[in-house]
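Data block for target14.tsv (TSV, C-alpha atoms):
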chain	number	residue	atom	x	y	z
A	1	MET	CA	47.34	89.23	189.99
A	2	ASN	CA	45.89	92.04	192.14
A	3	LYS	CA	44.77	95.37	190.70
A	4	ARG	CA	47.68	97.34	192.18
A	5	ARG	CA	50.30	95.05	190.63
A	6	PHE	CA	48.51	95.16	187.28
A	7	ALA	CA	48.45	98.96	187.41
A	8	TYR	CA	52.22	99.03	188.07
A	9	ILE	CA	52.83	96.81	185.05
A	10	VAL	CA	50.67	99.01	182.80
A	11	VAL	CA	52.48	102.15	183.96
A	12	ALA	CA	55.88	100.52	183.40
A	13	VAL	CA	54.90	99.43	179.88
A	14	VAL	CA	53.62	102.92	179.00
A	15	ILE	CA	56.79	104.57	180.32
A	16	GLY	CA	58.95	102.07	178.45
A	17	LEU	CA	57.14	102.67	175.17
A	18	SER	CA	57.27	106.43	175.62
A	19	LEU	CA	61.02	106.37	176.22
A	20	SER	CA	61.57	104.11	173.22
A	21	ILE	CA	59.59	106.41	170.93
A	22	TYR	CA	61.42	109.47	172.30
A	23	TRP	CA	64.87	108.03	171.62
A	24	ILE	CA	63.90	106.72	168.18
A	25	VAL	CA	62.55	110.13	167.12
A	26	ARG	CA	65.51	111.96	168.64
A	27	TYR	CA	68.05	109.69	166.99
A	28	SER	CA	66.31	109.79	163.61
A	29	SER	CA	66.11	113.58	163.62
A	30	ARG	CA	69.74	113.93	164.59
A	31	ALA	CA	70.90	111.42	161.96
A	32	GLU	CA	68.83	113.15	159.29
A	33	TYR	CA	70.29	116.53	160.19
A	34	VAL	CA	73.89	115.34	160.18
A	35	ASP	CA	73.43	113.52	156.91
A	36	ARG	CA	71.98	116.56	155.15
A	37	SER	CA	74.63	118.92	156.45
A	38	ASP	CA	77.22	116.79	154.68
A	39	TRP	CA	75.88	117.61	151.22
A	40	GLN	CA	73.29	120.39	151.22
A	41	VAL	CA	75.02	123.52	149.94
A	42	MET	CA	74.14	127.04	148.88
A	43	LEU	CA	74.43	127.71	145.16
A	44	TYR	CA	74.42	131.00	143.26
A	45	GLY	CA	72.61	132.04	140.11
A	46	LYS	CA	71.77	135.13	138.09
A	47	ASN	CA	73.07	138.38	139.63
A	48	HIS	CA	74.94	136.18	142.11
A	49	GLN	CA	71.72	135.55	144.01
A	50	ALA	CA	71.86	132.69	146.52
A	51	VAL	CA	69.59	129.81	145.54
A	52	ASP	CA	68.56	127.02	147.90
A	53	ILE	CA	67.54	124.18	145.62
A	54	PHE	CA	66.29	122.25	148.66
A	55	ASP	CA	63.89	124.93	149.84
A	56	PRO	CA	61.10	122.98	151.60
A	57	ASN	CA	58.60	125.69	150.68
A	58	ASP	CA	59.04	124.92	146.98
A	59	PRO	CA	57.26	121.61	146.25
A	60	ARG	CA	58.45	121.28	142.66
A	61	ILE	CA	60.46	118.23	141.63
A	62	ARG	CA	63.96	119.24	140.66
A	63	ILE	CA	65.53	117.97	137.44
A	64	VAL	CA	69.23	118.52	138.02
A	65	TYR	CA	71.97	118.20	135.42
A	66	PHE	CA	75.67	118.56	136.31
A	67	GLY	CA	78.00	119.80	133.55
A	68	PHE	CA	80.05	122.80	132.46
A	69	THR	CA	79.64	125.59	129.93
A	70	ARG	CA	82.72	124.74	127.86
A	71	CYS	CA	81.57	121.16	127.39
A	72	PRO	CA	81.92	120.45	123.65
A	73	ASP	CA	79.04	118.05	123.07
A	74	VAL	CA	77.51	116.06	125.95
A	75	CYS	CA	76.25	119.04	127.97
A	76	PRO	CA	74.75	120.99	125.04
A	77	THR	CA	73.03	117.84	123.84
A	78	SER	CA	71.68	117.04	127.30
A	79	LEU	CA	70.37	120.55	127.94
A	80	ALA	CA	68.82	120.61	124.48
A	81	MET	CA	67.00	117.37	125.36
A	82	LEU	CA	65.88	118.82	128.69
A	83	SER	CA	64.64	121.89	126.85
A	84	GLY	CA	62.81	119.66	124.38
A	85	ALA	CA	61.12	117.80	127.21
A	86	MET	CA	59.98	121.05	128.83
A	87	ARG	CA	58.49	122.15	125.51
A	88	GLN	CA	56.70	118.85	124.92
A	89	VAL	CA	54.80	118.57	128.20
A	90	ASP	CA	51.70	120.61	128.92
A	91	TYR	CA	51.77	123.70	131.11
A	92	SER	CA	50.28	122.08	134.22
A	93	LEU	CA	52.95	119.38	134.23
A	94	LYS	CA	55.76	121.76	133.33
A	95	THR	CA	55.08	124.03	136.30
A	96	ARG	CA	55.52	121.12	138.70
A	97	TYR	CA	59.19	120.80	137.76
A	98	TRP	CA	62.28	122.91	138.34
A	99	PRO	CA	65.02	122.23	135.74
A	100	ILE	CA	68.50	123.09	137.05
A	101	PHE	CA	71.99	123.15	135.54
A	102	ILE	CA	74.88	123.04	138.04
A	103	SER	CA	78.39	123.77	136.81
A	104	LEU	CA	81.17	121.38	137.75
A	105	ASP	CA	83.73	123.96	136.60
A	106	PRO	CA	83.42	126.98	138.93
A	107	GLU	CA	86.98	127.96	138.05
A	108	ARG	CA	85.64	129.17	134.70
A	109	ASP	CA	81.88	129.19	135.25
A	110	ASN	CA	80.76	131.82	137.71
A	111	SER	CA	77.12	132.19	138.68
A	112	GLU	CA	76.32	134.66	135.90
A	113	THR	CA	78.00	132.57	133.21
A	114	SER	CA	76.14	129.45	134.37
A	115	ALA	CA	72.82	131.28	134.44
A	116	GLN	CA	73.23	132.70	130.93
A	117	TYR	CA	74.33	129.34	129.54
A	118	ALA	CA	71.32	127.50	130.99
A	119	GLN	CA	68.81	130.09	129.80
A	120	TYR	CA	70.16	129.87	126.28
A	121	PHE	CA	68.51	126.43	126.09
A	122	HIS	CA	65.25	127.22	127.89
A	123	PRO	CA	64.04	130.17	130.02
A	124	MET	CA	62.95	127.83	132.81
A	125	ILE	CA	66.35	126.19	133.25
A	126	VAL	CA	68.21	127.80	136.16
A	127	GLY	CA	72.00	127.83	135.90
A	128	LEU	CA	73.92	127.70	139.18
A	129	SER	CA	77.49	127.66	140.44
A	130	ALA	CA	79.37	127.50	143.76
A	131	SER	CA	82.89	126.88	144.99
A	132	LEU	CA	84.52	123.66	143.83
A	133	ALA	CA	84.46	122.28	147.37
A	134	GLN	CA	80.72	122.91	147.71
A	135	THR	CA	79.91	121.64	144.24
A	136	THR	CA	81.97	118.50	144.81
A	137	LYS	CA	80.10	117.69	148.03
A	138	LEU	CA	76.76	117.91	146.27
A	139	ALA	CA	77.88	116.06	143.15
A	140	ARG	CA	79.50	113.22	145.09
A	141	HIS	CA	76.32	112.76	147.13
A	142	TYR	CA	74.44	111.79	143.97
A	143	GLY	CA	77.26	109.71	142.52
A	144	VAL	CA	78.34	112.20	139.87
A	145	ILE	CA	81.76	111.27	138.51
A	146	PHE	CA	83.97	114.05	137.16
A	147	ARG	CA	87.64	114.83	136.78
A	148	LYS	CA	89.81	117.49	135.20
A	149	THR	CA	91.82	116.44	132.13
A	150	GLU	CA	94.66	118.70	131.04
A	151	LEU	CA	94.81	119.75	127.37
A	152	PRO	CA	98.39	121.00	126.94
A	153	ASN	CA	98.02	121.76	123.22
A	154	SER	CA	94.68	123.54	123.50
A	155	LYS	CA	93.73	127.11	124.36
A	156	MET	CA	91.09	125.63	126.67
A	157	GLY	CA	93.85	124.42	128.98
A	158	TYR	CA	91.73	121.61	130.37
A	159	THR	CA	88.38	119.92	130.04
A	160	LEU	CA	86.18	117.88	132.36
A	161	ASP	CA	85.24	114.26	131.91
A	162	HIS	CA	81.96	113.63	133.70
A	163	SER	CA	79.00	111.31	133.95
A	164	SER	CA	75.80	112.51	132.31
A	165	TYR	CA	72.48	111.98	134.09
A	166	PHE	CA	69.31	113.91	134.86
A	167	TYR	CA	68.62	113.64	138.59
A	168	PHE	CA	64.98	113.87	139.64
A	169	LEU	CA	64.90	115.08	143.25
A	170	LYS	CA	62.27	115.86	145.85
A	171	SER	CA	62.44	119.22	147.61
A	172	ASP	CA	64.37	117.64	150.49
A	173	GLY	CA	67.00	116.26	148.12
A	174	THR	CA	65.73	112.68	148.04
A	175	LEU	CA	66.56	111.03	144.73
A	176	ILE	CA	63.44	109.84	142.92
A	177	GLU	CA	65.21	108.49	139.85
A	178	LYS	CA	67.93	109.37	137.38
A	179	VAL	CA	67.69	109.34	133.61
A	180	PRO	CA	70.90	108.61	131.67
A	181	HIS	CA	72.23	110.66	128.77
A	182	THR	CA	69.81	110.61	125.86
A	183	ASN	CA	69.63	111.91	122.32
A	184	THR	CA	65.85	112.37	122.45
A	185	PRO	CA	63.66	114.19	124.99
A	186	GLN	CA	61.30	111.22	125.37
A	187	PRO	CA	63.02	109.46	128.32
A	188	ILE	CA	62.87	112.73	130.25
A	189	VAL	CA	59.22	113.28	129.33
A	190	ASN	CA	58.41	109.71	130.39
A	191	ALA	CA	60.12	110.23	133.74
A	192	MET	CA	58.21	113.46	134.32
A	193	LYS	CA	54.88	111.76	133.68
A	194	ARG	CA	55.89	108.69	135.67
A	195	ASP	CA	56.93	110.67	138.74
A	196	MET	CA	53.73	112.71	138.75
A	197	ALA	CA	51.69	109.51	138.58
A	198	LYS	CA	53.26	108.11	141.76
Give the structure from this file in structure tokens form.
Amino acid sequence: MNKRRFAYIVVAVVIGLSLSIYWIVRYSSRAEYVDRSDWQVMLYGKNHQAVDIFDPNDPRIRIVYFGFTRCPDVCPTSLAMLSGAMRQVDYSLKTRYWPIFISLDPERDNSETSAQYAQYFHPMIVGLSASLAQTTKLARHYGVIFRKTELPNSKMGYTLDHSSYFYFLKSDGTLIEKVPHTNTPQPIVNAMKRDMAK
């Protein structure tokens, strides 16, 4: 094989690899963007301020709980356990987490109501709300199950049946793990320590 032919082969290989890398990166970026646009939404908190829970400039791990303020037992218990976990861990660990309550019932829970409800349990828990369409997109992305159940003989009118998990998320929305409903703060504390050790 002469030197000129060898040089042609090397150039062809380099061009081929460059094109392959270009298309892989381009396709991956496009797929990532489309996927995120399907579920990343803008939520609203205290004073109806917009809150981007997937702000890339905030490195804290999110602990997200989906519920509603008129929930009779599961939500208050869960937020009390989240509050207990935040009180049990030391300050340095606590500041690396962002506890969030997202209402599944925006018909009755506006941003201010959600914020006040969350802060009743712990000052660090941020309560958020959005339109039902936006909330549903986000909830469905993480596998949250919820449905409205009519209560014809009650002043409440209806309630929500919903799954109960604590979702540990990276700043880009990636699910790290989820902790099921608990009656003690310890599983949440364990998850916090476990995730920081990774």
Pick from A:Leu79, A:Cys71, A:Ile53, A:Ile63 nearest to Arg108 (chain A), counting all atoms listed in the file: A:Cys71
Distance of CA of Ser129 (chain A) from CA of Gly45 (chain A), expressed in Å to one decimal place: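 Computed distance, CA of Gly45 (chain A) to CA of Ser129 (chain A), equals 6.6 Å.
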Straight-line distance linking CA of Met156 (chain A) with CA of Asn47 (chain A), stated in Å to one decimal: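 Between these atoms lies a distance of 25.6 Å.
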Selected residue, from A:Tyr120, A:Asp105, A:Arg194, A:Asp58, that lies nearest to Lys148 (chain A) when counting all atoms listed in the file: A:Asp105
Show which residues sit within 12 Å of Ser92 (chain A), as a PDB file with C-alpha atoms, keeping the file's coordinate frame. Count all atoms listed in the file, and ignore same-chain residues fewer than 5 positions away.
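Final output, saved to result_4.pdb:
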ATOM      1  CA  ARG A  60      58.450 121.280 142.660  1.00  0.00           C
ATOM      2  CA  MET A  86      59.980 121.050 128.830  1.00  0.00           C
ATOM      3  CA  ARG A  87      58.490 122.150 125.510  1.00  0.00           C
ATOM      4  CA  TYR A  97      59.190 120.800 137.760  1.00  0.00           C
ATOM      5  CA  MET A 192      58.210 113.460 134.320  1.00  0.00           C
ATOM      6  CA  LYS A 193      54.880 111.760 133.680  1.00  0.00           C
ATOM      7  CA  MET A 196      53.730 112.710 138.750  1.00  0.00           C
TER       8      MET A 196
END
From A:Trp98, A:Thr174, A:Gly157, A:Asn57, residue lying nearest His141 (chain A) [only C-alpha atoms]: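 Ranked by minimum distance to His141 (chain A), first place goes to A:Thr174.
Nearest residue to His162 (chain A), choosing from A:Lys137, A:His122, A:Arg147, A:Arg96 and counting only C-alpha atoms: A:Arg147.
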Neighbour list for Cys75 (chain A) as a list in words, cut-off 10 Å, all atoms listed in the file, skip fewer than 2 positions in-chain: Tyr65, Phe66, Gly67, Phe68, Thr69, Arg70, Cys71, Pro72, Asp73, Thr77, Ser78, Leu79, Ala80, Met81, Phe101, His162, Ser164 and His181 of chain A
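The shortest atom-to-atom distance to Asp109 (chain A), with all atoms listed in the file taken into account, belongs to A:Leu132 out of A:Leu132, A:Leu138, A:Leu93, A:Met42.
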Ala50 (chain A) environment, 12 Å, all atoms listed in the file, sequence neighbours closer than 6 positions dropped, as a ChimeraX atom specification: /A:41-44,111-112,127-130
Top pick for closest residue to Thr136 (chain A), considering A:Pro56, A:Pro123, A:Pro106, A:Gly84 and counting all atoms listed in the file: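 Comparing A:Pro56, A:Pro123, A:Pro106, A:Gly84 against Thr136 (chain A), the winner is A:Pro106.
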Report as lines of an AutoDock Vina configuration file the centre and the edge lengths, in Å to one decimal, of the axis-aligned box holding every listed atom of region 67-83 of chain A, padded by 4 Å on each side.
center_x = 73.7
center_y = 120.8
center_z = 128.3
size_x = 26.1
size_y = 17.5
size_z = 18.5
Atomic separation - CA of Glu150 (chain A) relative to CA of Leu82 (chain A), Å: 28.9 Å
Selection: 8 Å around Arg62 (chain A), all atoms listed in the file, excl. self and same-chain fewer than 5 positions, as a ChimeraX atom specification: /A:53,97-100,167-171
